[in-house]
There are 2 protein chains.
Amino acid sequence: MSFEKVAIIGLGLIGGSIGLAVRQDMPGVATSGYDADPKVRERARERQLADVIADNPAEAVEGADLVILCVPVGAMCKAAKAIAPGLKEGCVISDVGSSKRSITEALVKALPGRTIIPAHPVAGTEHSGPDAGFATLFHQRWCIVTPPEDAPEDKVAELVDFWEALGAMVETMDAAHHDRVLAVTSHIPHLIAYTIVGTASDLEEVTRSEVIKYSAGGFRDFTRIAASDPTMWRDVFLNNKDAVLEMLDVFLTDLALMREAIRAGDGEMMHDTFSRTRAIRRSIVALGQDDPRPDFGREHD
Amino acid sequence: MSFEKVAIIGLGLIGGSIGLAVRQDMPGVATSGYDADPKVRERARERQLADVIADNPAEAVEGADLVILCVPVGAMCKAAKAIAPGLKEGCVISDVGSSKRSITEALVKALPGRTIIPAHPVAGTEHSGPDAGFATLFHQRWCIVTPPEDAPEDKVAELVDFWEALGAMVETMDAAHHDRVLAVTSHIPHLIAYTIVGTASDLEEVTRSEVIKYSAGGFRDFTRIAASDPTMWRDVFLNNKDAVLEMLDVFLTDLALMREAIRAGDGEMMHDTFSRTRAIRRSIVALGQDDPRPDFGREHD
């Protein structure tokens, strides 16, 4: 491994998982960590999310060859400025944020002349905070690296090696394409899940207690991603506005067609759509991107 | 148990699970089964989904005190007419369909003078067919019984006992309220999942391969319910049109508000909504209606 010391700024689900994974998968690589919340730092020390938990961000990055910002998208700029005084010459600055165009701009502006290579591991659970991380979170998951045009190739290759060593598969693409792809596979699903769970909570004719009791009919699936971190997701939508609105409008057009099919009693159109969607799930399971067991492997008794 | 013989018409996920559950949980109760598809009957015999698998529906219900129709909503009327010649005097006819108003009307019309007590176990997986059923499917799940006004109380109580003996919790309500509740907790979630999976499959700028690779960002959750049986779901939307359209329009209004918040960069509105939705998931897990483990208990490794 080319990196001898990795600094992790932000010790929630993703930052904590990186710290635990480095210790497990990269013997000899040192880690340091920092979180703006003192309570999170305390818990991070108890769980040993990094070898050393520093009490200020500039100290945390001292001597690090790789610094990974694991804070919400909207906090990237502030975090970048806070680490600037401690950065070692030639170190790579990366992140794990879910929208890449706006983060790249923010980091380039906050850290002029530095080597910035944004990345996004497409992995997570609905839990957040310093207790949520675990060392195998990135196994079999994709990590997308979005190097700016002037990024040194050797450093990009080192970052790719780093993520592969954590068990991830790596793809590189430009930031704008990343933002469109993730709008579809992640941002719109979260937006819809948050919205429908909100809708169901506020109905007059159906009580909240009924929604909860009969949630096994499908609704409960949506509540999992609607339990994700609110700050993280607010920032994603504020920072990937264009791609999210574009994809949302495509979805709304399709939903209007489906609404019309129901209104008109067009069973053939429905059956056609409902038959095509099965194939995608089969491919996702075949490529190891979901649990093959029925019902995600939920316990039935 | 008041029922000595239970006949199951339709041997897919739900019918098969009832057969297996009766054998496991109600020793001494006989079961017979029928399915319109000869291949399903063959597989049902191999898996012993019922004690006897008959080759015609009227024969299957002979001597049964309880007949449960486990066919798609649109096939209920035909199935009811097919069993009519074999029905024993005084037997209870029930079903497991997801829309209760239209089924009640269809059964009352097809079987005049008979005791009809519709029901709906809110349970299932994305799998279907005679290999999908298992004996514990109904444990800890709710079953909604929707007795017509003239249903004999003792028979309703016997049907409630039956479902409780299979491990379910039972609630009774009128059919119209059922249809509104299930539109929220089941039908709209399925409609949205089917639609977004269809949208994502048909995009020009994002390939299907990218959708599959990066599905762990949230999208894969939607593919599970979008892999449900197309015929069953077409029939649900054709038969619960009013409640589905009503709830869909409430959701569309909320989604339009969310769209406007993104467009206007209203982070406060988003953060408020995203914070409220966490509580519902906590209640669902607390009431045993979902797996408490992160990520539904999916394997990470």
# chains A, B, ... in the order shown; residues from 1 in each chain; ligands from 1
$ residues_around --residues "Arg47 (chain A)" --least-positions-apart "4" --cutoff "9 Å" --atoms "only C-alpha atoms" --output "NGL selection string"
:A and (42-43 or 130-131)
$ write_last_selection --atoms "N, CA and C atoms" --output "PDB file, in the first residue's frame"
ATOM      1  N   GLU A  42     -15.371  10.964  21.448  1.00  0.00           N
ATOM      2  CA  GLU A  42     -15.268  10.098  22.631  1.00  0.00           C
ATOM      3  C   GLU A  42     -15.659   8.650  22.285  1.00  0.00           C
ATOM      4  N   ARG A  43     -16.783   8.540  21.572  1.00  0.00           N
ATOM      5  CA  ARG A  43     -17.261   7.200  21.203  1.00  0.00           C
ATOM      6  C   ARG A  43     -16.296   6.544  20.204  1.00  0.00           C
ATOM      7  N   PRO A 130     -21.237   7.201  15.092  1.00  0.00           N
ATOM      8  CA  PRO A 130     -20.000   6.454  15.356  1.00  0.00           C
ATOM      9  C   PRO A 130     -20.222   4.992  15.739  1.00  0.00           C
ATOM     10  N   ASP A 131     -21.452   4.619  16.048  1.00  0.00           N
ATOM     11  CA  ASP A 131     -21.723   3.217  16.374  1.00  0.00           C
ATOM     12  C   ASP A 131     -22.135   2.395  15.156  1.00  0.00           C
TER      13      ASP A 131
END
$ residues_around --residues "region 286-293 of chain A" --least-positions-apart "5" --cutoff "7 Å" --atoms "only C-alpha atoms" --output "compact mmCIF listing (two decimals) with N, CA and C atoms, in the first residue's frame"
# COMPACT_ATOMS: atom_id res chain seq x y z
N ALA B 216 -26.85 -0.42 -4.99
CA ALA B 216 -26.79 -0.48 -3.53
C ALA B 216 -26.99 0.90 -2.89
N ARG B 298 -29.44 -7.92 5.73
CA ARG B 298 -28.67 -8.40 4.57
C ARG B 298 -27.27 -8.79 4.99
N GLU B 299 -26.74 -9.77 4.29
CA GLU B 299 -25.35 -10.20 4.53
C GLU B 299 -24.39 -9.12 4.06
$ select_by_dssp --residues "region 2-237 of chain B" --states "helix (DSSP H, G or I)" --output "ChimeraX atom specification"
/B:13-25,38-47,57-61,73-86,100-110,153-165,175-201,208-213,215-217,219-225,230-237
$ residues_around --residues "Pro57 (chain B)" --least-positions-apart "4" --cutoff "10 Å" --atoms "only C-alpha atoms" --output "list in words"
Ala7, Ile8, Ile9, Gly10, Ser32, Gly33, Tyr34, Asp35, Ala36, Ile53, Val61, Glu62, Ala79, Ala80, Lys81, Ala82, Ile83, Ala84, Pro85, Gly86 and Leu87 of chain B
$ residues_around --residues "Ala264 (chain A)" --least-positions-apart "4" --cutoff "12 Å" --atoms "only C-alpha atoms" --output "list of chain:residue names"
A:Leu257, A:Met258, A:Arg259, A:Glu260, A:Glu268, A:Met269, A:Met270, B:Phe237, B:Leu238, B:Asn239, B:Lys241, B:Asp242, B:Leu245
$ closest_residue --among "A:Gln48, A:Thr277, A:Thr172, A:Thr223" --to "Phe134 (chain A)" --atoms "only C-alpha atoms"
A:Gln48
$ closest_atom_pairs --of "region 125-184 of chain B" --to "region 12-25 of chain B" --cutoff "6 Å" --atoms "only C-alpha atoms" --output "CSV"
residue,atom,partner,partner_atom,distance
B:Ser128,CA,B:Leu13,CA,5.0
B:Gly129,CA,B:Gly12,CA,4.0
B:Pro130,CA,B:Gly12,CA,4.5
B:Ala132,CA,B:Leu13,CA,4.9
B:Gly133,CA,B:Ser17,CA,4.3
B:Phe134,CA,B:Ser17,CA,4.8
B:Ala135,CA,B:Ala21,CA,4.1
$ residues_around --residues "region 227-231 of chain A" --least-positions-apart "3" --cutoff "6 Å" --atoms "only C-alpha atoms" --output "JSON, numbers by chain"
{"A": [126, 224, 234], "B": [271, 274, 275, 278]}
$ atom_distance --atom1 "CA of Leu69 (chain B)" --atom2 "CA of Pro189 (chain B)"
24.5 Å
$ atom_distance --atom1 "CA of Val73 (chain A)" --atom2 "CA of Ile103 (chain A)"
6.8 Å
$ residues_around --residues "Ala243 (chain B)" --least-positions-apart "3" --cutoff "9 Å" --atoms "only C-alpha atoms" --output "list in words"
Ala176, Asp179, Arg180, Val181, Leu182, Ala183, Val184, Asn240, Glu246, Met247 and Leu248 of chain B
$ closest_residue --among "A:Ala106, A:Leu166, A:Leu66, A:Val244" --to "Phe138 (chain A)" --atoms "only C-alpha atoms"
A:Leu166
$ closest_residue --among "A:Val108, A:Ser98, A:Ala165, A:Thr146" --to "chain B" --atoms "only C-alpha atoms"
A:Ser98
